[in-house]
>>> print(open('protein.txt').read())   # compact mmCIF, C-alpha atoms
# COMPACT_ATOMS: atom_id res chain seq x y z
CA MET K 12 25.20 3.34 -14.66
CA GLU K 13 26.00 1.92 -11.21
CA MET K 14 27.13 5.36 -10.00
CA LYS K 15 23.89 6.94 -11.21
CA ILE K 16 21.78 4.35 -9.37
CA PHE K 17 23.65 4.71 -6.07
CA LEU K 18 23.63 8.50 -6.35
CA SER K 19 19.89 8.57 -7.09
CA VAL K 20 19.07 6.32 -4.15
CA SER K 21 21.30 8.29 -1.74
CA ILE K 22 19.79 11.62 -2.82
CA ALA K 23 16.27 10.21 -2.49
CA LEU K 24 16.91 9.05 1.08
CA PHE K 25 18.78 12.23 2.01
CA ALA K 26 16.03 14.48 0.60
CA GLY K 27 13.28 12.59 2.41
CA LEU K 28 15.01 12.65 5.78
CA MET K 29 16.02 16.32 5.52
CA LEU K 30 12.49 17.39 4.61
CA THR K 31 11.15 15.82 7.81
CA ARG K 32 13.51 18.15 9.72
CA VAL K 33 12.51 21.17 7.63
CA PHE K 34 8.83 20.54 8.36
CA LYS K 35 9.54 20.22 12.07
CA LYS K 36 11.46 23.53 12.07
CA LEU K 37 8.61 25.24 10.24
CA GLY K 38 6.10 23.89 12.73
CA PHE K 39 4.35 21.56 10.25
CA ASN K 40 3.44 18.46 12.24
CA PHE K 41 3.15 16.15 9.23
CA PRO K 42 3.73 12.39 9.40
CA ASP K 43 7.12 11.36 7.98
CA VAL K 44 5.34 9.55 5.12
CA THR K 45 3.95 12.84 3.82
CA ALA K 46 7.38 14.48 4.02
CA PHE K 47 8.94 11.59 2.07
CA LEU K 48 6.29 11.84 -0.66
CA ILE K 49 6.73 15.61 -1.02
CA ALA K 50 10.51 15.13 -1.13
CA GLY K 51 9.91 12.73 -4.02
CA LEU K 52 7.88 15.36 -5.87
CA ILE K 53 10.72 17.88 -5.33
CA ILE K 54 13.44 15.61 -6.76
CA GLY K 55 11.12 14.06 -9.36
CA PRO K 56 10.50 14.82 -13.04
CA TYR K 57 8.42 17.90 -12.17
CA GLY K 58 10.98 19.33 -9.73
CA ILE K 59 14.76 19.16 -9.69
CA GLY K 60 14.54 16.52 -12.42
CA GLN K 61 13.76 19.36 -14.84
CA ILE K 62 17.42 20.42 -14.60
CA GLY K 63 18.42 17.21 -16.33
CA LEU K 64 21.56 16.46 -14.29
CA SER K 65 22.21 12.72 -14.32
CA GLY K 66 21.83 11.25 -10.84
CA VAL K 67 20.60 14.52 -9.32
CA GLY K 68 16.85 14.13 -9.24
CA PHE K 69 14.81 12.03 -11.68
CA SER K 70 14.33 13.60 -15.08
CA SER K 71 11.64 11.14 -16.21
CA TYR K 72 9.26 8.45 -14.98
CA ALA K 73 11.53 5.91 -16.69
CA ASP K 74 14.40 7.01 -14.42
CA VAL K 75 12.29 6.27 -11.36
CA GLN K 76 11.27 2.91 -12.80
CA SER K 77 14.92 2.01 -13.44
CA ILE K 78 15.39 1.45 -9.70
CA SER K 79 11.95 -0.04 -9.11
CA ILE K 80 13.61 -3.08 -7.51
CA ILE K 81 13.85 -0.97 -4.33
CA ASN K 82 10.08 -0.40 -4.34
CA GLU K 83 9.37 -4.08 -4.94
CA THR K 84 11.75 -5.10 -2.15
CA ALA K 85 10.24 -2.57 0.27
CA LEU K 86 6.69 -3.75 -0.50
CA GLY K 87 7.78 -7.32 0.21
CA PHE K 88 9.15 -6.40 3.64
CA ILE K 89 6.11 -4.22 4.39
CA ALA K 90 3.78 -7.13 3.57
CA PHE K 91 5.95 -9.43 5.72
CA SER K 92 5.60 -7.00 8.65
CA ILE K 93 1.83 -6.72 8.21
CA GLY K 94 1.61 -10.51 8.21
CA SER K 95 2.85 -10.44 11.79
CA GLU K 96 -0.43 -8.72 12.75
CA PHE K 97 -2.30 -12.00 12.14
CA LEU K 98 -1.32 -13.55 15.46
CA LEU K 99 -3.76 -16.31 16.39
CA GLU K 100 -3.97 -15.15 20.00
CA GLU K 101 -5.10 -11.67 18.94
CA LEU K 102 -7.27 -12.89 16.07
CA LYS K 103 -9.39 -14.71 18.65
CA HIS K 104 -10.55 -11.26 19.71
CA THR K 105 -10.49 -9.31 16.42
CA GLY K 106 -10.43 -11.97 13.68
CA LYS K 107 -14.16 -12.15 12.95
CA ALA K 108 -14.61 -8.37 13.05
CA ALA K 109 -11.49 -7.73 10.93
CA THR K 110 -12.61 -10.25 8.30
CA ILE K 111 -16.17 -8.96 7.96
CA ILE K 112 -15.19 -5.27 8.05
CA GLY K 113 -12.25 -5.81 5.68
CA ILE K 114 -14.38 -7.51 3.05
CA PHE K 115 -17.42 -5.25 3.43
CA GLN K 116 -15.65 -1.89 3.23
CA SER K 117 -13.51 -3.01 0.28
CA VAL K 118 -16.48 -4.28 -1.74
CA THR K 119 -18.59 -1.25 -0.77
CA ALA K 120 -15.95 1.19 -2.04
CA SER K 121 -15.73 -0.74 -5.30
CA LEU K 122 -19.50 -0.80 -5.82
CA VAL K 123 -20.00 2.90 -5.00
CA VAL K 124 -17.25 3.93 -7.46
CA ASP K 125 -18.65 1.55 -10.09
CA VAL K 126 -22.17 2.99 -9.81
CA VAL K 127 -21.06 6.63 -10.05
CA LEU K 128 -18.51 6.11 -12.84
CA ILE K 129 -20.94 3.99 -14.88
CA ALA K 130 -23.46 6.84 -14.58
CA LEU K 131 -20.69 9.25 -15.61
CA HIS K 132 -19.96 7.00 -18.59
CA PHE K 133 -23.51 7.44 -19.88
CA ILE K 134 -23.32 11.21 -19.31
CA LEU K 135 -19.92 11.76 -20.96
CA GLY K 136 -20.32 9.14 -23.66
CA GLU K 137 -18.34 6.09 -24.80
CA GLU K 138 -15.79 8.21 -26.65
CA VAL K 139 -14.74 9.94 -23.40
CA MET K 140 -14.86 7.02 -20.94
CA SER K 141 -15.81 3.47 -21.81
CA LEU K 142 -17.78 1.13 -19.58
CA ARG K 143 -14.62 -0.98 -19.31
CA VAL K 144 -12.76 1.92 -17.68
CA ALA K 145 -15.55 2.47 -15.14
CA ILE K 146 -15.54 -1.20 -14.13
CA VAL K 147 -11.74 -1.40 -13.75
CA LEU K 148 -11.49 1.87 -11.79
CA GLY K 149 -14.19 0.59 -9.44
CA ALA K 150 -12.07 -2.48 -8.74
CA ILE K 151 -8.91 -0.42 -8.18
CA ALA K 152 -10.83 1.67 -5.63
CA SER K 153 -11.05 -1.35 -3.31
CA ALA K 154 -7.31 -1.35 -2.54
CA THR K 155 -5.72 0.46 0.41
CA ALA K 156 -2.02 1.28 0.90
CA PRO K 157 -0.66 -0.90 3.73
CA ALA K 158 2.76 0.79 3.62
CA ALA K 159 1.57 4.28 4.55
CA THR K 160 -0.71 2.99 7.31
CA LEU K 161 1.98 0.78 8.83
CA MET K 162 4.54 3.58 8.80
CA VAL K 163 2.21 6.03 10.55
CA VAL K 164 1.41 3.42 13.21
CA ARG K 165 5.10 2.75 13.76
CA GLN K 166 6.18 6.39 13.80
CA TYR K 167 3.65 7.38 16.45
CA LYS K 168 3.68 4.02 18.27
CA ALA K 169 -0.10 3.90 18.02
CA ASP K 170 -1.88 1.23 20.05
CA GLY K 171 -5.46 0.50 21.02
CA PRO K 172 -8.64 -1.16 19.71
CA LEU K 173 -8.62 0.87 16.47
CA THR K 174 -4.95 0.16 15.68
CA ARG K 175 -5.21 -3.54 16.52
CA LEU K 176 -8.22 -3.85 14.19
CA LEU K 177 -6.81 -1.59 11.47
CA LEU K 178 -3.67 -3.52 10.54
CA PRO K 179 -5.35 -6.91 9.88
CA ILE K 180 -8.07 -5.09 7.90
CA VAL K 181 -5.48 -3.34 5.71
CA ALA K 182 -3.78 -6.66 5.06
CA LEU K 183 -7.07 -8.40 4.22
CA ASP K 184 -8.18 -5.39 2.17
CA ASP K 185 -5.47 -5.98 -0.40
CA ALA K 186 -6.34 -9.66 -0.70
CA VAL K 187 -9.98 -8.75 -1.35
CA GLY K 188 -8.89 -5.97 -3.71
CA LEU K 189 -6.83 -8.38 -5.79
CA VAL K 190 -9.82 -10.71 -6.16
CA VAL K 191 -12.21 -7.88 -7.08
CA PHE K 192 -9.71 -6.48 -9.58
CA SER K 193 -9.00 -9.85 -11.19
CA VAL K 194 -12.71 -10.47 -11.77
CA SER K 195 -13.43 -6.91 -12.97
CA TYR K 196 -10.40 -6.84 -15.25
CA GLY K 197 -11.39 -10.18 -16.72
CA ILE K 198 -14.86 -8.78 -17.45
CA ALA K 199 -13.34 -5.66 -19.05
CA GLN K 200 -11.14 -7.81 -21.29
CA ALA K 201 -14.13 -9.98 -22.22
CA MET K 202 -16.13 -6.86 -23.13
CA LYS K 203 -13.30 -5.65 -25.35
CA VAL K 204 -12.98 -8.88 -27.34
CA GLY K 205 -16.69 -9.71 -27.11
CA ASN K 206 -16.13 -13.07 -25.43
CA LEU K 207 -16.63 -13.85 -21.70
CA ASP K 208 -13.47 -15.68 -20.61
CA VAL K 209 -14.25 -17.77 -17.54
CA ILE K 210 -10.57 -18.65 -17.13
CA SER K 211 -9.53 -15.00 -16.75
CA VAL K 212 -12.57 -13.95 -14.72
CA ILE K 213 -12.74 -16.81 -12.19
CA VAL K 214 -10.11 -19.54 -12.51
CA ASN K 215 -6.89 -17.47 -12.64
CA PRO K 216 -7.82 -15.18 -9.70
CA VAL K 217 -8.75 -18.17 -7.52
CA LEU K 218 -5.53 -19.99 -8.44
CA GLU K 219 -3.47 -16.88 -7.65
CA ILE K 220 -4.94 -16.54 -4.16
CA ILE K 221 -4.74 -20.24 -3.28
CA PHE K 222 -1.17 -20.76 -4.49
CA SER K 223 0.05 -17.45 -3.02
CA LEU K 224 -1.19 -18.57 0.40
CA LEU K 225 0.28 -22.05 -0.03
CA LEU K 226 3.68 -20.75 -1.15
CA GLY K 227 3.89 -18.17 1.64
CA GLY K 228 2.69 -20.65 4.26
CA GLY K 229 5.16 -23.32 3.17
CA LEU K 230 8.08 -20.90 3.21
CA GLY K 231 6.98 -19.59 6.63
CA LEU K 232 7.06 -23.09 8.12
CA LEU K 233 10.45 -23.76 6.53
CA LEU K 234 11.85 -20.48 7.90
CA SER K 235 10.65 -21.34 11.43
CA ARG K 236 12.44 -24.67 11.32
CA ILE K 237 15.67 -23.26 9.89
CA GLU K 238 15.79 -20.48 12.51
CA LYS K 239 16.24 -23.16 15.20
CA LEU K 240 19.63 -24.06 13.72
CA PHE K 241 21.08 -20.69 14.78
CA TYR K 242 21.95 -19.41 18.24
CA SER K 243 22.49 -15.77 17.33
CA ASN K 244 19.54 -13.46 16.70
CA SER K 245 21.73 -11.53 14.25
CA ASN K 246 22.12 -14.68 12.14
CA ARG K 247 18.42 -15.40 12.50
CA LEU K 248 17.66 -11.91 11.20
CA SER K 249 19.98 -12.46 8.23
CA MET K 250 18.20 -15.72 7.46
CA THR K 251 14.81 -13.98 7.71
CA ILE K 252 15.92 -11.28 5.28
CA SER K 253 17.16 -13.92 2.84
CA PHE K 254 13.78 -15.68 3.00
CA VAL K 255 11.82 -12.48 2.33
CA LEU K 256 14.04 -11.74 -0.68
CA MET K 257 13.64 -15.33 -1.92
CA THR K 258 9.86 -15.07 -1.45
CA ILE K 259 9.75 -11.88 -3.52
CA ALA K 260 11.74 -13.62 -6.27
CA LEU K 261 9.53 -16.73 -6.29
CA SER K 262 6.38 -14.61 -6.55
CA TYR K 263 7.40 -13.72 -10.11
CA LEU K 264 6.91 -17.32 -11.21
CA ARG K 265 4.24 -17.98 -13.82
CA ILE K 266 3.22 -21.62 -14.30
CA PRO K 267 0.90 -22.48 -17.22
CA VAL K 268 -1.66 -25.19 -16.44
CA GLY K 269 -3.54 -25.93 -19.64
CA PRO K 270 -5.54 -22.81 -20.59
CA ALA K 271 -5.09 -21.38 -17.07
CA GLU K 272 -2.03 -19.97 -15.33
CA ILE K 273 -0.75 -20.21 -11.77
CA SER K 274 0.62 -16.83 -10.71
CA PHE K 275 1.50 -15.31 -7.35
CA SER K 276 0.84 -12.01 -5.60
CA THR K 277 3.99 -10.66 -3.94
CA LEU K 278 1.92 -9.00 -1.23
CA LEU K 279 -0.11 -12.11 -0.41
CA VAL K 280 2.90 -14.44 -0.44
CA CYS K 281 4.99 -12.18 1.82
CA MET K 282 2.04 -11.55 4.15
CA MET K 283 1.50 -15.28 4.53
CA LEU K 284 5.23 -15.79 5.11
CA GLY K 285 5.10 -13.28 7.99
CA THR K 286 1.85 -14.71 9.38
CA VAL K 287 3.04 -18.32 9.55
CA PHE K 288 6.52 -17.39 10.77
CA CYS K 289 5.20 -15.21 13.61
CA ASN K 290 2.73 -17.89 14.69
CA THR K 291 5.20 -20.79 14.65
CA SER K 292 8.58 -19.35 15.68
CA GLU K 293 9.51 -18.56 19.27
CA TYR K 294 12.10 -16.07 18.01
CA SER K 295 9.74 -14.05 15.83
CA ALA K 296 9.00 -11.20 18.26
CA ASP K 297 12.67 -10.24 18.64
CA ILE K 298 13.42 -10.72 14.94
CA MET K 299 10.50 -8.55 13.86
CA LYS K 300 11.74 -5.71 16.09
CA ARG K 301 15.21 -6.00 14.59
CA ALA K 302 13.80 -6.18 11.06
CA GLU K 303 11.80 -3.00 11.67
CA LYS K 304 15.03 -1.09 12.33
CA TRP K 305 16.83 -2.70 9.39
CA THR K 306 14.09 -1.81 6.92
CA ALA K 307 13.52 1.79 8.10
CA PRO K 308 15.81 3.40 5.44
CA LEU K 309 14.42 1.04 2.79
CA ASN K 310 10.86 2.13 3.57
CA ALA K 311 11.83 5.82 3.59
CA THR K 312 13.43 5.45 0.14
CA PHE K 313 10.32 3.61 -1.07
CA PHE K 314 8.05 6.55 -0.21
CA VAL K 315 10.41 9.13 -1.73
CA LEU K 316 10.49 7.12 -4.96
CA SER K 317 6.69 6.78 -4.81
CA GLY K 318 6.46 10.58 -4.63
CA ALA K 319 8.86 10.95 -7.56
CA ALA K 320 6.68 8.60 -9.62
CA LEU K 321 3.54 10.76 -9.18
CA GLU K 322 2.70 12.49 -12.44
CA LEU K 323 1.48 16.06 -12.08
CA SER K 324 0.68 16.16 -15.80
CA VAL K 325 -2.74 14.67 -15.03
CA PHE K 326 -3.86 18.14 -13.93
CA GLY K 327 -3.44 19.32 -17.52
CA GLN K 328 -6.30 17.10 -18.73
CA PRO K 329 -9.70 18.48 -17.57
CA VAL K 330 -11.52 15.22 -18.25
CA TYR K 331 -9.03 13.29 -16.10
CA VAL K 332 -9.47 15.84 -13.32
CA LEU K 333 -13.27 15.49 -13.50
CA ILE K 334 -13.20 11.70 -13.45
CA GLY K 335 -10.46 11.79 -10.83
CA ILE K 336 -12.49 14.00 -8.49
CA ALA K 337 -15.48 11.69 -8.89
CA TYR K 338 -13.21 8.69 -8.18
CA ILE K 339 -11.69 10.25 -5.04
CA LEU K 340 -14.99 11.43 -3.56
CA THR K 341 -16.90 8.21 -4.21
CA ARG K 342 -14.06 5.95 -3.05
CA SER K 343 -13.69 7.99 0.16
CA PHE K 344 -17.44 7.78 0.77
CA GLY K 345 -17.50 4.04 0.08
CA LYS K 346 -14.54 3.31 2.36
CA TYR K 347 -15.87 5.45 5.20
CA MET K 348 -19.48 4.24 5.08
CA GLY K 349 -18.48 0.62 4.46
CA ALA K 350 -16.20 0.65 7.52
CA ARG K 351 -18.72 2.54 9.65
CA LEU K 352 -21.71 0.33 8.86
CA SER K 353 -19.83 -2.96 9.21
CA SER K 354 -18.06 -1.92 12.45
CA GLN K 355 -21.43 -0.88 13.88
CA ALA K 356 -22.86 -4.26 12.92
CA MET K 357 -19.90 -5.96 14.68
CA LYS K 358 -20.58 -3.84 17.81
CA CYS K 359 -17.09 -2.31 17.78
CA PRO K 360 -16.17 0.50 20.22
CA GLN K 361 -17.48 3.93 19.23
CA ASN K 362 -14.01 5.26 18.42
CA VAL K 363 -13.52 2.41 15.94
CA VAL K 364 -16.89 3.11 14.31
CA LYS K 365 -16.11 6.81 14.07
CA TYR K 366 -12.51 6.78 12.85
CA LEU K 367 -11.78 3.46 11.11
CA GLY K 368 -12.99 4.55 7.68
CA ILE K 369 -10.69 7.60 7.71
CA THR K 370 -7.63 5.42 8.29
CA LEU K 371 -8.42 3.34 5.17
CA LEU K 372 -8.10 6.18 2.65
CA PRO K 373 -4.37 5.96 1.65
CA GLN K 374 -3.79 4.27 -1.70
CA ALA K 375 -0.57 3.57 -3.59
CA GLY K 376 1.47 0.43 -4.35
CA VAL K 377 -1.24 -2.18 -4.88
CA ALA K 378 -3.35 0.23 -6.95
CA LEU K 379 -0.36 1.08 -9.15
CA GLY K 380 0.31 -2.62 -9.64
CA MET K 381 -3.28 -3.02 -10.84
CA VAL K 382 -2.75 -0.09 -13.22
CA ASN K 383 0.26 -1.80 -14.74
CA GLN K 384 -1.80 -4.92 -15.39
CA ALA K 385 -4.68 -2.87 -16.84
CA ALA K 386 -2.24 -1.37 -19.36
CA ALA K 387 -2.91 -4.47 -21.48
CA LEU K 388 -6.31 -2.97 -22.38
CA GLY K 389 -4.35 -0.49 -24.49
CA GLY K 390 -5.36 2.76 -26.14
CA GLN K 391 -7.50 5.38 -24.42
CA ASP K 392 -8.79 2.87 -21.84
CA ALA K 393 -5.32 2.28 -20.41
CA SER K 394 -4.50 5.99 -20.52
CA ILE K 395 -7.60 7.05 -18.54
CA ILE K 396 -7.18 4.27 -15.97
CA ARG K 397 -3.54 5.19 -15.41
CA ASN K 398 -4.03 8.94 -15.16
CA VAL K 399 -7.15 8.85 -12.99
CA THR K 400 -5.51 6.37 -10.61
CA LEU K 401 -2.34 8.48 -10.47
CA PHE K 402 -4.47 11.53 -9.70
CA GLY K 403 -6.12 9.63 -6.86
CA VAL K 404 -2.81 8.27 -5.55
CA LEU K 405 -1.31 11.77 -5.59
CA ILE K 406 -4.11 13.19 -3.45
CA TYR K 407 -4.51 10.17 -1.18
CA GLU K 408 -0.81 9.75 -0.48
CA LEU K 409 -0.32 13.41 0.37
CA VAL K 410 -3.32 13.75 2.71
CA GLY K 411 -4.07 10.12 3.61
CA PRO K 412 -1.21 9.64 6.15
CA LEU K 413 -2.15 12.95 7.78
CA PHE K 414 -5.80 11.86 8.08
CA THR K 415 -4.68 8.49 9.47
CA ARG K 416 -2.47 10.16 12.08
CA ASN K 417 -5.24 12.56 13.11
CA ALA K 418 -7.82 9.76 13.33
CA LEU K 419 -5.55 7.63 15.55
CA ARG K 420 -4.77 10.68 17.69
CA ASP K 421 -8.44 11.66 18.06
CA ALA K 422 -9.25 8.05 18.96
CA GLY K 423 -6.75 8.38 21.83
CA GLU K 424 -4.34 5.76 20.45
CA ILE K 425 -1.35 8.06 19.95
CA ALA K 426 0.20 9.10 23.25
CA PRO K 427 1.14 12.79 23.36
CA ILE K 428 4.88 13.47 23.47
CA PRO K 429 5.76 14.86 26.91
CA GLU K 430 6.90 18.46 26.76
CA GLN K 431 10.07 17.67 28.66
CA LYS K 432 10.99 15.08 26.03
CA LYS K 433 10.27 17.40 23.10
CA ASP K 434 12.35 20.16 24.65
CA ARG K 435 14.98 17.93 26.22
CA GLY K 436 17.82 19.66 24.44
CA ARG K 437 16.61 23.12 25.53
CA PHE K 438 16.23 22.01 29.15
CA GLN K 439 19.68 20.46 29.17
CA THR K 440 21.17 23.66 27.81
CA SER K 441 19.41 25.69 30.48
CA ALA K 442 20.66 23.38 33.21
CA ARG K 443 24.20 23.88 32.10
>>> encode(input="protein.txt", output="structure tokens")
Amino acid sequence: MEMKIFLSVSIALFAGLMLTRVFKKLGFNFPDVTAFLIAGLIIGPYGIGQIGLSGVGFSSYADVQSISIINETALGFIAFSIGSEFLLEELKHTGKAATIIGIFQSVTASLVVDVVLIALHFILGEEVMSLRVAIVLGAIASATAPAATLMVVRQYKADGPLTRLLLPIVALDDAVGLVVFSVSYGIAQAMKVGNLDVISVIVNPVLEIIFSLLLGGGLGLLLSRIEKLFYSNSNRLSMTISFVLMTIALSYLRIPVGPAEISFSTLLVCMMLGTVFCNTSEYSADIMKRAEKWTAPLNATFFVLSGAALELSVFGQPVYVLIGIAYILTRSFGKYMGARLSSQAMKCPQNVVKYLGITLLPQAGVALGMVNQAAALGGQDASIIRNVTLFGVLIYELVGPLFTRNALRDAGEIAPIPEQKKDRGRFQTSAR
């Protein structure tokens, strides 16, 4: 079993990295994220996995899930990195705009999808898609994928007004998305049993947000104090990694409080850990740079495994394709218009107004986590929610990073690679 796990992980990382080189040789200027996702499809259940060789490719979705600990760990470190974007000095300039835009575009996307899918529910009928499904899918539409956005920004070293506003918005987007989903899911459950449960709809979501922020903040302060005990940045990095891993573990706690339950969001807790640590520790800037290098292979593996988990079987169900297309188009419209209108209202630079909405299209980890929770609805409801979301994730993850890269480039925040640097090897050969 151990051999199979190590072999699967090594092949996933190898395939992802090699495909980035293949694309470069073929002249395809795709972001690395897209190459990793396509590599996942190639070695997944609908590619090499069909051969059925143990450890060589993934023959089923269950095989991918068997090493899901890598995905959960990667998401924790990604959230920790995004938390570092909430520096108080920078938030003085972008905090108000990021907050208003982040909330507005997330809620707008959810409402637009809700309206269209509810209308589609009445057209197709209850037996095809229930009202519960429409409400839950609308909530899932609010979430954006922070991992893909962060990786594109890092790969191309993007910087400028759009980038500095984008990362806090992506982080806040998921917090808002979790609230919207918790409320919508609670309503869907209440509709199914015929009883409006205030605990599920209001109390539990509020408790999750409050205690996630408290736990992450407390651990961030503790980490800052402990870092002062070390004189080596290597040891400080090791301590930081141990804290992120411990934070991920603690986020699985579930504490019953009477009829309610205190739970934690891994993303929110790790984001808050990174935010507090980077605002209170004098060593944080150097440690975050070192952590970025340490987590690079982990993040690459995460995206390959995400690609392997995409289910192409959704294309075999016409009704899922129809609902999926409606979901993708309306979510894209809601994200774009929500970001455009709110950034205009905040008097952001024209490039931000024009391109911000495009950079918010990727969707993956958080949405899939919501799908797993919605599985409790059971039956056809759970099946439609899962397949439509997977359809959306498949499309968004394949084209979203490319759109994000192009938007940042067109906004002038990705510096062109000098020709002499791109062709350095050829020039050196000529000189010899």
>>> closest_residue(input="protein.txt", among="K:Val377, K:Leu323, K:Met250, K:Leu177", to="Tyr57 (chain K)", atoms="all atoms listed in the file")
K:Leu323
>>> closest_residue(input="protein.txt", among="K:Ile266, K:Ala271, K:Leu99, K:Met202", to="Val144 (chain K)", atoms="all atoms listed in the file")
K:Met202
>>> residues_around(input="protein.txt", residues="Arg143 (chain K)", least_positions_apart="3", cutoff="8 Å", atoms="only C-alpha atoms", output="number ranges by chain")
K: 146-147, 199-200, 202-203, 392
>>> write_last_selection(input="protein.txt", atoms="C-alpha atoms", output="PDB file, in the frame of the given file")
ATOM      1  CA  ILE K 146     -15.540  -1.200 -14.130  1.00  0.00           C
ATOM      2  CA  VAL K 147     -11.740  -1.400 -13.750  1.00  0.00           C
ATOM      3  CA  ALA K 199     -13.340  -5.660 -19.050  1.00  0.00           C
ATOM      4  CA  GLN K 200     -11.140  -7.810 -21.290  1.00  0.00           C
ATOM      5  CA  MET K 202     -16.130  -6.860 -23.130  1.00  0.00           C
ATOM      6  CA  LYS K 203     -13.300  -5.650 -25.350  1.00  0.00           C
ATOM      7  CA  ASP K 392      -8.790   2.870 -21.840  1.00  0.00           C
TER       8      ASP K 392
END
>>> residues_around(input="protein.txt", residues="region 292-300 of chain K", least_positions_apart="6", cutoff="12 Å", atoms="only C-alpha atoms", output="PyMOL selection string")
chain K and resi 88-89+91-96+98+165+231-252+284-286+306-307
>>> closest_residue(input="protein.txt", among="K:Met348, K:Val410, K:Ile78, K:Ile62", to="Ala120 (chain K)", atoms="all atoms listed in the file")
K:Met348
>>> atom_distance(input="protein.txt", atom1="CA of Leu226 (chain K)", atom2="CA of Ala90 (chain K)")
14.4 Å
>>> atom_distance(input="protein.txt", atom1="CA of Gly228 (chain K)", atom2="CA of Gly188 (chain K)")
20.3 Å
>>> closest_residue(input="protein.txt", among="K:Val33, K:Ile425, K:Val382, K:Pro267", to="Ser193 (chain K)", atoms="all atoms listed in the file")
K:Val382
>>> residues_around(input="protein.txt", residues="Phe192 (chain K)", least_positions_apart="4", cutoff="9 Å", atoms="all atoms listed in the file", output="list in words")
Val147, Leu148, Gly149, Ala150, Ile151, Ser153, Val187, Gly188, Tyr196, Gly197, Pro216 and Met381 of chain K
>>> closest_residue(input="protein.txt", among="K:Val404, K:Val315, K:Ala109, K:Ile339", to="Leu178 (chain K)", atoms="only C-alpha atoms")
K:Ala109
>>> residues_near_point(input="protein.txt", point="(-7.3, -8.7, -2.9)", cutoff="12 Å", atoms="only C-alpha atoms", output="ChimeraX atom specification")
/K:113-114,117-118,121,150-156,180-195,216-217,219-221,223,275-280,377-378,380-381
>>> atom_distance(input="protein.txt", atom1="CA of Gly136 (chain K)", atom2="CA of Ser324 (chain K)")
23.5 Å
>>> residues_near_point(input="protein.txt", point="(-8.7, 9.7, -25.3)", cutoff="9 Å", atoms="all atoms listed in the file", output="PDB file with C-alpha atoms, in the coordinates of the input")
ATOM      1  CA  GLU K 138     -15.790   8.210 -26.650  1.00  0.00           C
ATOM      2  CA  VAL K 139     -14.740   9.940 -23.400  1.00  0.00           C
ATOM      3  CA  MET K 140     -14.860   7.020 -20.940  1.00  0.00           C
ATOM      4  CA  GLY K 390      -5.360   2.760 -26.140  1.00  0.00           C
ATOM      5  CA  GLN K 391      -7.500   5.380 -24.420  1.00  0.00           C
ATOM      6  CA  ASP K 392      -8.790   2.870 -21.840  1.00  0.00           C
ATOM      7  CA  SER K 394      -4.500   5.990 -20.520  1.00  0.00           C
ATOM      8  CA  ILE K 395      -7.600   7.050 -18.540  1.00  0.00           C
TER       9      ILE K 395
END
>>> closest_residue(input="protein.txt", among="K:Ala356, K:Leu131, K:Leu340, K:Leu419", to="Gly403 (chain K)", atoms="all atoms listed in the file")
K:Leu340
>>> residues_around(input="protein.txt", residues="region 361-373 of chain K", least_positions_apart="2", cutoff="8 Å", atoms="all atoms listed in the file", output="ChimeraX atom specification")
/K:155-156,159-160,172-173,177,181,343,346-352,354-355,359,375,404,407-408,410-412,414-416,418-419,422
>>> residues_around(input="protein.txt", residues="Asn40 (chain K)", least_positions_apart="2", cutoff="12 Å", atoms="all atoms listed in the file", output="PyMOL selection string")
chain K and resi 30-38+42-46+167+412-413+416-417
>>> build_atoms(input="protein.txt", residues="region 325-333 of chain K", atoms="N, CA and C atoms", output="PDB file, keeping the file's coordinate frame")
ATOM      1  N   VAL K 325      -1.315  15.010 -14.976  1.00  0.00           N
ATOM      2  CA  VAL K 325      -2.740  14.670 -15.030  1.00  0.00           C
ATOM      3  C   VAL K 325      -3.619  15.904 -14.822  1.00  0.00           C
ATOM      4  N   PHE K 326      -3.077  16.931 -14.154  1.00  0.00           N
ATOM      5  CA  PHE K 326      -3.860  18.140 -13.930  1.00  0.00           C
ATOM      6  C   PHE K 326      -4.062  18.936 -15.214  1.00  0.00           C
ATOM      7  N   GLY K 327      -3.305  18.607 -16.251  1.00  0.00           N
ATOM      8  CA  GLY K 327      -3.440  19.320 -17.520  1.00  0.00           C
ATOM      9  C   GLY K 327      -4.565  18.793 -18.386  1.00  0.00           C
ATOM     10  N   GLN K 328      -5.213  17.703 -17.968  1.00  0.00           N
ATOM     11  CA  GLN K 328      -6.300  17.100 -18.730  1.00  0.00           C
ATOM     12  C   GLN K 328      -7.613  17.268 -17.953  1.00  0.00           C
ATOM     13  N   PRO K 329      -8.466  18.221 -18.324  1.00  0.00           N
ATOM     14  CA  PRO K 329      -9.700  18.480 -17.570  1.00  0.00           C
ATOM     15  C   PRO K 329     -10.571  17.250 -17.360  1.00  0.00           C
ATOM     16  N   VAL K 330     -10.654  16.388 -18.372  1.00  0.00           N
ATOM     17  CA  VAL K 330     -11.520  15.220 -18.250  1.00  0.00           C
ATOM     18  C   VAL K 330     -10.970  14.262 -17.200  1.00  0.00           C
ATOM     19  N   TYR K 331      -9.625  14.144 -17.116  1.00  0.00           N
ATOM     20  CA  TYR K 331      -9.030  13.290 -16.100  1.00  0.00           C
ATOM     21  C   TYR K 331      -9.278  13.866 -14.708  1.00  0.00           C
ATOM     22  N   VAL K 332      -9.227  15.183 -14.610  1.00  0.00           N
ATOM     23  CA  VAL K 332      -9.470  15.840 -13.320  1.00  0.00           C
ATOM     24  C   VAL K 332     -10.918  15.592 -12.880  1.00  0.00           C
ATOM     25  N   LEU K 333     -11.863  15.711 -13.818  1.00  0.00           N
ATOM     26  CA  LEU K 333     -13.270  15.490 -13.500  1.00  0.00           C
ATOM     27  C   LEU K 333     -13.515  14.058 -13.038  1.00  0.00           C
TER      28      LEU K 333
END
